Amino acid sequence: MPNNRYYQEYGPIYRRRAGQRPPLADDELPPDEPRRPRVRRPVRHRRRVPVWLWLVVGLVLLVAIPTGALYAVDIVYPETILPGVSLNGESIGGYTRTDLIIELRRRYRSFEQQPVTLTFRDQQWQPTLAELGVAFDVERLVNSAFALGRSGDPLTRAYELWLLWQEGIDITPRLTVDLAQTQRYLLGLAPQIERLPADAVLSLADARVVGQPSQPGTQLLVDATANDVLLAIRALQPQTVPIRTRQIVPQIDDTDLVVAQQIADQLLRSALELKVEDQTIVWTPERLAELLRVTPVDGRLTIEVDPDRLARAVEGLAQMIDTGTAEPRLRFSDGRVRIVAEGQPGRRLRQADAVTAIADVLMQPSPVTRTLTLPVERVEPQITAATLDNLGIVELVAEGRSSFAGSAPYRITNIRAGAARMNGVLIAPGEEFSFNRQLGEVNAENGFVEGYAIIGNRTQLEWGGGVCQVSTTVFRAAFWAGLPITERHAHSFYISWYDRFGLGPNGDGQGLDAAIFTGVQDLKFINDTGRWLLMQTSIDEQAQVLVVQLYGTRPEREVRIEGPIIANEVRAPTEPVYIDDPSLPRGTIRQTDVARSGRDISIYRIVTEADGEVRRELFFTRFRPWPNIFVRGSG
């Protein structure tokens with residue numbers, strides 16, 4: 001039988017079985033029942049771990065365990081390269097850094113010592129890596145291999161370790177290249193490799209037509225060769241690299257040369273006869289060859305007349321053809337001029353017309369001798385006794401002096417003959433005086449004899465040796481008159497004769513001499529006084545002094561000099577020079593030149609005109625050092 005006590009003494013079941021209603025809430029208790037205090041029993045609650053904390057702990061464990069495994073590699077392989085690392089396909093895992101450096105030094109020793117051999121034809125060059133601007137750092141390479149799987153952030157390490165485990169990582173040696181240095185090295189080889197193209201050349205010396213074939217040039221291709229070098233060193237083994245070049249074709253080839261040779265042969269096949277009245281001058285093919293020049297034009301060799309050379313040659317002709325002044329010869333004395341020799345009609349070569357005519361004939365090939373009549377004009381005297389007072393010749397303008405003391409008889413004879421050709425000569429206002437033209441031909445007809453003169457680089461027997469004494473004295477007169485000197489040539493070496501009176505009113509000295517050579521070197525000056533000038537010469541036989549005076553109307557000008565300034569003095573050679581002369585008996589020895597030192601001499605002429613205008617002109621002389629020269633008979 002159920003026991004009602006089984007049920008709890010409180011709770012809804014008990015109350016329901018007792019027929020009691022559920023107790024009211026505290027605020028529902030009947031008013032007649034007193035409120036009893038309710039005692040609450042303490043309730044024990046169990047702490048629950050938050051879910052977020054479990055997530056954090058899980059995440060930390062998830063990160064810490066793999067990360068620890070990543071860095072545990074340094075413990076397992078503390079000093080060696082990780083397995084799976086290879087160099088150019090060859091495994092290097094397990095090497096320590098020191099061992100791998102030693103191995104790579106051994107492996108690449110030959111490359112480091114001789115990376116490439118550059119070749120060009122039979123030449124070779126073996127530059128170092130530094131000369132090529134290439135750096136090969138073995139230690140850096142080893143450090144890169146050792147760092148695989150050990151460096152970077154964890155993700156990078158994990159990725160590299162995964163690659164090492166799966167398939168391995170192969171590294172390639174890296175070279176650092178300074179391309180500019182590579183190019184500089186190759187450019188340094190250019191002088192040994194490059195060659196300019198040589199055009200075909202034609203020479204007409206001594207009327208011999210000599211051709212020199214063309215030669216192609218060579219150019220170094222720097223960029224292409226540098227690229228080949230960079231490709232070669234990638235193998236890290238010694239390589240041979242041919243230097244790249246290209247051929248440069250000359251502008252004038254051998255075909256052009258052959259054509260020019262044929263033309264030259266035709267032009268120089270015959271001589272040229274130049275006729276004037278009863279005189280004939282023959283220019284041989286050798287002489288004609290000197291007047292031609294070979295010029296490259298638009299890839300062809302052209303042969304033409306050299307206008308400058310031809311003009312000088314015609315100037316030489318004029319000196320042979322012209323009769324000098326046609327005016328009467330005058331003498332100034334006692335303040336007046338008088339005629340000492342009547343004027344004679346003369347002739348004068350029309351030089352400009354002669355140049356044109358000769359050039360036309362020269363360019364016409366002919367199998368026989370070509371003939372040309374030179375254009376000349378007749379020159380009539382202008383001055384008569386009735387016009388002497390109108391010439392303006394009233395006083396001494398300037399004079400020049402020189403000493404020929406100690407000269408040989410032949411030299412004195414030629415000085416007399418030359419001075420006679422200049423004595424009493426009139427120079428018109430504005431006229432350019434030519435010493436050679438007034439001198440005429442230096443031959444026996446004009447009173448000259450053979451003597452030693454400076455020809456080229458030595459003193460040798462020549463007609464008119466000593467005439468330069470006259471030209472030097474004339475030059476000094478024109479110099480101190482302040483006349484414009486349009487052509488003057490100094491002697492090639494020092495001559496003691498010209499020291500005396502050398503500086504005019506300034507006394508003796510060097511630097512004011514004038515050399516002439518018929519047809520080649522002349523002395524010229526212009527009469528700018530505005531009136532006629534009279535050149536008058538005299539010789540003091542006893543004192544052996546030559547005097548040249550210029551009479552006319554002295555211009556209002558002052559002439560003075562600065563100098564001489566002497567520089568670059570060079571001692572005379574101590575070794576004598578011997579020249580064989582077959583005209584002398586064998587064993588005969590005769591000294592023709594005395595050793596002289598060399599030097600440069602500068603003299604400035606300062607001409608101050610009446611209006612204050614100042615002309616400052618340099619007269620420069622270079623005396624070369626000269627040895628003792630002996631003529632040795634070999635006949």
# chains A, B, ... in the order shown; residues from 1 in each chain; ligands from 1

$ residues_around --residues "stretch 506-521 of chain A" --least-positions-apart "2" --cutoff "8 Å" --atoms "only C-alpha atoms" --output "number ranges by chain"
A: 312-313, 315-317, 319, 436, 441, 467-468, 471-473, 475-476, 488-491, 498-504, 523, 564, 601-603, 619-621

$ write_last_selection --atoms "N, CA and C atoms" --output "mmCIF file, in the first residue's frame"
data_model
loop_
_atom_site.group_PDB
_atom_site.id
_atom_site.type_symbol
_atom_site.label_atom_id
_atom_site.label_comp_id
_atom_site.auth_asym_id
_atom_site.auth_seq_id
_atom_site.Cartn_x
_atom_site.Cartn_y
_atom_site.Cartn_z
ATOM 1 N N ARG A 312 103.246 79.357 -109.569
ATOM 2 C CA ARG A 312 104.647 79.553 -109.188
ATOM 3 C C ARG A 312 105.578 79.254 -110.358
ATOM 4 N N ALA A 313 105.230 78.242 -111.149
ATOM 5 C CA ALA A 313 106.066 77.914 -112.302
ATOM 6 C C ALA A 313 106.042 79.047 -113.328
ATOM 7 N N GLU A 315 105.497 82.155 -112.618
ATOM 8 C CA GLU A 315 106.282 83.230 -112.022
ATOM 9 C C GLU A 315 107.767 83.039 -112.332
ATOM 10 N N GLY A 316 108.208 81.785 -112.272
ATOM 11 C CA GLY A 316 109.587 81.494 -112.642
ATOM 12 C C GLY A 316 109.855 81.776 -114.107
ATOM 13 N N LEU A 317 108.864 81.469 -114.962
ATOM 14 C CA LEU A 317 109.017 81.792 -116.381
ATOM 15 C C LEU A 317 109.174 83.297 -116.587
ATOM 16 N N GLN A 319 110.425 85.434 -114.652
ATOM 17 C CA GLN A 319 111.761 85.882 -114.281
ATOM 18 C C GLN A 319 112.779 85.597 -115.376
ATOM 19 N N ASN A 436 113.826 88.835 -108.350
ATOM 20 C CA ASN A 436 114.192 87.842 -109.362
ATOM 21 C C ASN A 436 113.884 88.331 -110.776
ATOM 22 N N GLU A 441 118.020 86.202 -115.849
ATOM 23 C CA GLU A 441 118.685 84.905 -115.798
ATOM 24 C C GLU A 441 120.073 85.052 -115.203
ATOM 25 N N VAL A 467 124.730 85.846 -104.816
ATOM 26 C CA VAL A 467 123.697 86.824 -105.177
ATOM 27 C C VAL A 467 122.818 87.155 -103.975
ATOM 28 N N CYS A 468 122.721 86.231 -103.011
ATOM 29 C CA CYS A 468 121.904 86.502 -101.827
ATOM 30 C C CYS A 468 122.464 87.676 -101.017
ATOM 31 N N SER A 471 120.444 90.472 -102.527
ATOM 32 C CA SER A 471 119.034 90.456 -102.116
ATOM 33 C C SER A 471 118.893 90.840 -100.650
ATOM 34 N N THR A 472 119.839 90.411 -99.816
ATOM 35 C CA THR A 472 119.787 90.774 -98.395
ATOM 36 C C THR A 472 119.920 92.278 -98.213
ATOM 37 N N THR A 473 120.809 92.891 -98.972
ATOM 38 C CA THR A 473 121.030 94.333 -98.835
ATOM 39 C C THR A 473 119.832 95.119 -99.357
ATOM 40 N N PHE A 475 116.786 94.035 -99.338
ATOM 41 C CA PHE A 475 115.750 93.820 -98.324
ATOM 42 C C PHE A 475 115.909 94.791 -97.163
ATOM 43 N N ARG A 476 117.116 95.011 -96.727
ATOM 44 C CA ARG A 476 117.338 95.920 -95.601
ATOM 45 C C ARG A 476 116.943 97.347 -95.955
ATOM 46 N N ARG A 488 109.552 87.221 -98.523
ATOM 47 C CA ARG A 488 110.927 87.205 -98.029
ATOM 48 C C ARG A 488 111.203 85.841 -97.421
ATOM 49 N N HIS A 489 112.367 85.295 -97.699
ATOM 50 C CA HIS A 489 112.771 83.993 -97.189
ATOM 51 C C HIS A 489 114.116 84.125 -96.493
ATOM 52 N N ALA A 490 114.179 83.638 -95.263
ATOM 53 C CA ALA A 490 115.449 83.654 -94.538
ATOM 54 C C ALA A 490 116.315 82.496 -94.993
ATOM 55 N N HIS A 491 117.614 82.596 -94.772
ATOM 56 C CA HIS A 491 118.517 81.496 -95.079
ATOM 57 C C HIS A 491 118.265 80.334 -94.120
ATOM 58 N N TYR A 498 126.314 88.152 -92.836
ATOM 59 C CA TYR A 498 125.149 89.017 -92.708
ATOM 60 C C TYR A 498 125.004 89.633 -91.326
ATOM 61 N N ASP A 499 125.968 89.387 -90.420
ATOM 62 C CA ASP A 499 125.903 90.013 -89.099
ATOM 63 C C ASP A 499 126.225 91.510 -89.171
ATOM 64 N N ARG A 500 127.244 91.862 -89.959
ATOM 65 C CA ARG A 500 127.703 93.251 -90.019
ATOM 66 C C ARG A 500 126.583 94.112 -90.618
ATOM 67 N N PHE A 501 126.274 95.197 -89.984
ATOM 68 C CA PHE A 501 125.198 96.124 -90.375
ATOM 69 C C PHE A 501 123.822 95.442 -90.362
ATOM 70 N N GLY A 502 123.750 94.295 -89.692
ATOM 71 C CA GLY A 502 122.530 93.478 -89.767
ATOM 72 C C GLY A 502 121.292 94.152 -89.238
ATOM 73 N N LEU A 503 121.429 95.047 -88.276
ATOM 74 C CA LEU A 503 120.261 95.687 -87.665
ATOM 75 C C LEU A 503 120.176 97.161 -88.010
ATOM 76 N N GLY A 504 120.859 97.555 -89.103
ATOM 77 C CA GLY A 504 120.770 98.932 -89.563
ATOM 78 C C GLY A 504 121.273 99.915 -88.531
ATOM 79 N N LEU A 523 112.253 87.880 -103.526
ATOM 80 C CA LEU A 523 112.118 88.988 -102.594
ATOM 81 C C LEU A 523 111.234 90.024 -103.265
ATOM 82 N N PRO A 564 116.674 91.688 -81.722
ATOM 83 C CA PRO A 564 116.188 90.330 -81.985
ATOM 84 C C PRO A 564 115.965 89.511 -80.713
ATOM 85 N N ILE A 601 115.051 83.274 -84.417
ATOM 86 C CA ILE A 601 115.242 84.709 -84.219
ATOM 87 C C ILE A 601 113.964 85.440 -84.627
ATOM 88 N N SER A 602 113.454 86.246 -83.731
ATOM 89 C CA SER A 602 112.247 87.045 -84.004
ATOM 90 C C SER A 602 112.591 88.521 -83.896
ATOM 91 N N ILE A 603 112.253 89.269 -84.955
ATOM 92 C CA ILE A 603 112.429 90.717 -84.962
ATOM 93 C C ILE A 603 111.099 91.344 -85.352
ATOM 94 N N PHE A 619 109.218 89.432 -88.333
ATOM 95 C CA PHE A 619 110.140 88.837 -89.292
ATOM 96 C C PHE A 619 110.865 87.713 -88.556
ATOM 97 N N PHE A 620 110.533 86.496 -88.963
ATOM 98 C CA PHE A 620 111.008 85.313 -88.227
ATOM 99 C C PHE A 620 112.067 84.582 -89.041
ATOM 100 N N THR A 621 113.104 84.144 -88.362
ATOM 101 C CA THR A 621 114.186 83.387 -88.989
ATOM 102 C C THR A 621 114.444 82.141 -88.163
#

$ select_by_dssp --residues "stretch 230-296 of chain A" --states "alpha helix (DSSP H)" --output "list of chain:residue names"
A:Leu230, A:Leu231, A:Ala232, A:Ile233, A:Asp254, A:Thr255, A:Asp256, A:Leu257, A:Val258, A:Val259, A:Ala260, A:Gln261, A:Gln262, A:Ile263, A:Ala264, A:Asp265, A:Gln266, A:Leu267, A:Pro285, A:Glu286, A:Arg287, A:Leu288, A:Ala289, A:Glu290

$ closest_residue --among "A:Glu431, A:Ile606, A:Pro213, A:Leu220" --to "A:Pro191" --atoms "only C-alpha atoms"
A:Leu220

$ atom_distance --atom1 "atom CA of A:Leu268" --atom2 "atom CA of A:Val361"
11.7 Å

$ residues_around --residues "A:Ile171" --least-positions-apart "5" --cutoff "7 Å" --atoms "only C-alpha atoms" --output "ChimeraX atom specification"
/A:86-88

$ residues_around --residues "A:Trp283" --least-positions-apart "6" --cutoff "9 Å" --atoms "only C-alpha atoms" --output "MDAnalysis selection string"
chainID A and resid 271:274

$ residues_around --residues "A:Ile248" --least-positions-apart "5" --cutoff "10 Å" --atoms "only C-alpha atoms" --output "PyMOL selection string"
chain A and resi 194-198+215-219

$ closest_atom_pairs --of "stretch 358-401 of chain A" --to "stretch 286-305 of chain A" --cutoff "12 Å" --atoms "only C-alpha atoms" --output "tab-separated table"
residue	atom	partner	partner_atom	distance
A:Ile358	CA	A:Val305	CA	9.4
A:Ala359	CA	A:Val305	CA	6.3
A:Asp360	CA	A:Val305	CA	9.0
A:Val361	CA	A:Val305	CA	10.3
A:Leu362	CA	A:Val305	CA	7.6
A:Met363	CA	A:Glu304	CA	7.4
A:Gln364	CA	A:Glu304	CA	11.0
A:Arg370	CA	A:Leu288	CA	11.6

$ write_last_selection --atoms "N, CA and C atoms" --output "mmCIF file, in the first residue's frame"
data_model
loop_
_atom_site.group_PDB
_atom_site.id
_atom_site.type_symbol
_atom_site.label_atom_id
_atom_site.label_comp_id
_atom_site.auth_asym_id
_atom_site.auth_seq_id
_atom_site.Cartn_x
_atom_site.Cartn_y
_atom_site.Cartn_z
ATOM 1 N N ILE A 358 98.596 77.339 -120.464
ATOM 2 C CA ILE A 358 99.389 76.140 -120.132
ATOM 3 C C ILE A 358 98.505 75.064 -119.530
ATOM 4 N N ALA A 359 97.561 75.445 -118.673
ATOM 5 C CA ALA A 359 96.663 74.453 -118.067
ATOM 6 C C ALA A 359 95.856 73.728 -119.129
ATOM 7 N N ASP A 360 95.391 74.451 -120.139
ATOM 8 C CA ASP A 360 94.618 73.811 -121.215
ATOM 9 C C ASP A 360 95.473 72.819 -121.990
ATOM 10 N N VAL A 361 96.718 73.204 -122.292
ATOM 11 C CA VAL A 361 97.590 72.323 -123.071
ATOM 12 C C VAL A 361 97.978 71.083 -122.260
ATOM 13 N N LEU A 362 98.231 71.273 -120.967
ATOM 14 C CA LEU A 362 98.653 70.139 -120.136
ATOM 15 C C LEU A 362 97.599 69.043 -120.081
ATOM 16 N N MET A 363 96.342 69.412 -120.132
ATOM 17 C CA MET A 363 95.277 68.419 -120.009
ATOM 18 C C MET A 363 94.892 67.803 -121.348
ATOM 19 N N GLN A 364 95.672 68.083 -122.385
ATOM 20 C CA GLN A 364 95.414 67.478 -123.699
ATOM 21 C C GLN A 364 96.505 66.451 -123.992
ATOM 22 N N ARG A 370 104.206 68.816 -127.335
ATOM 23 C CA ARG A 370 103.213 69.876 -127.434
ATOM 24 C C ARG A 370 103.926 71.234 -127.437
#

$ atom_distance --atom1 "atom CA of A:Ala543" --atom2 "atom CA of A:Trp497"
13.2 Å

$ atom_distance --atom1 "atom CA of A:Ile92" --atom2 "atom CA of A:Leu148"
12.0 Å

$ residues_around --residues "A:Asp278" --least-positions-apart "2" --cutoff "12 Å" --atoms "only C-alpha atoms" --output "JSON, numbers by chain"
{"A": [274, 275, 276, 280, 281, 321, 373, 374]}

$ write_last_selection --atoms "N, CA and C atoms" --output "CSV table (one decimal), in the first residue's frame"
chain,number,residue,atom,x,y,z
A,274,LEU,N,107.6,75.8,-124.7
A,274,LEU,CA,107.0,77.1,-124.5
A,274,LEU,C,107.9,78.1,-125.3
A,275,LYS,N,107.3,78.8,-126.2
A,275,LYS,CA,108.0,79.7,-127.1
A,275,LYS,C,107.6,81.1,-126.8
A,276,VAL,N,108.7,82.0,-126.9
A,276,VAL,CA,108.4,83.4,-126.8
A,276,VAL,C,109.5,84.1,-127.7
A,280,THR,N,113.0,79.4,-126.6
A,280,THR,CA,112.2,78.2,-126.4
A,280,THR,C,112.6,77.6,-125.0
A,281,ILE,N,111.6,77.4,-124.2
A,281,ILE,CA,111.8,76.7,-122.9
A,281,ILE,C,111.0,75.4,-123.0
A,321,ILE,N,111.8,85.4,-118.7
A,321,ILE,CA,111.3,86.1,-120.0
A,321,ILE,C,111.3,87.6,-119.9
A,373,THR,N,102.9,79.0,-127.7
A,373,THR,CA,103.5,80.3,-127.7
A,373,THR,C,102.9,81.1,-126.5
A,374,LEU,N,103.8,81.6,-125.7
A,374,LEU,CA,103.4,82.3,-124.5
A,374,LEU,C,102.9,83.7,-124.8

$ select_by_dssp --residues "stretch 262-469 of chain A" --states "strand (DSSP E)" --output "JSON, numbers by chain"
{"A": [272, 273, 274, 275, 276, 279, 280, 281, 282, 283, 292, 293, 294, 295, 296, 297, 300, 301, 302, 303, 304, 305, 329, 330, 331, 332, 333, 336, 337, 338, 339, 340, 341, 346, 347, 348, 349, 370, 371, 372, 373, 376, 377, 378, 379, 395, 396, 397, 398, 399, 400, 401, 402, 403, 425, 426, 427, 432, 433, 434, 450, 451, 452, 453, 454, 455, 458, 459, 460, 461, 462, 463]}

$ residues_around --residues "A:Ala428" --least-positions-apart "4" --cutoff "8 Å" --atoms "only C-alpha atoms" --output "count of residues only"
4

$ closest_residue --among "A:Leu236, A:Val594, A:Val222, A:Val470" --to "A:Phe111" --atoms "only C-alpha atoms"
A:Leu236
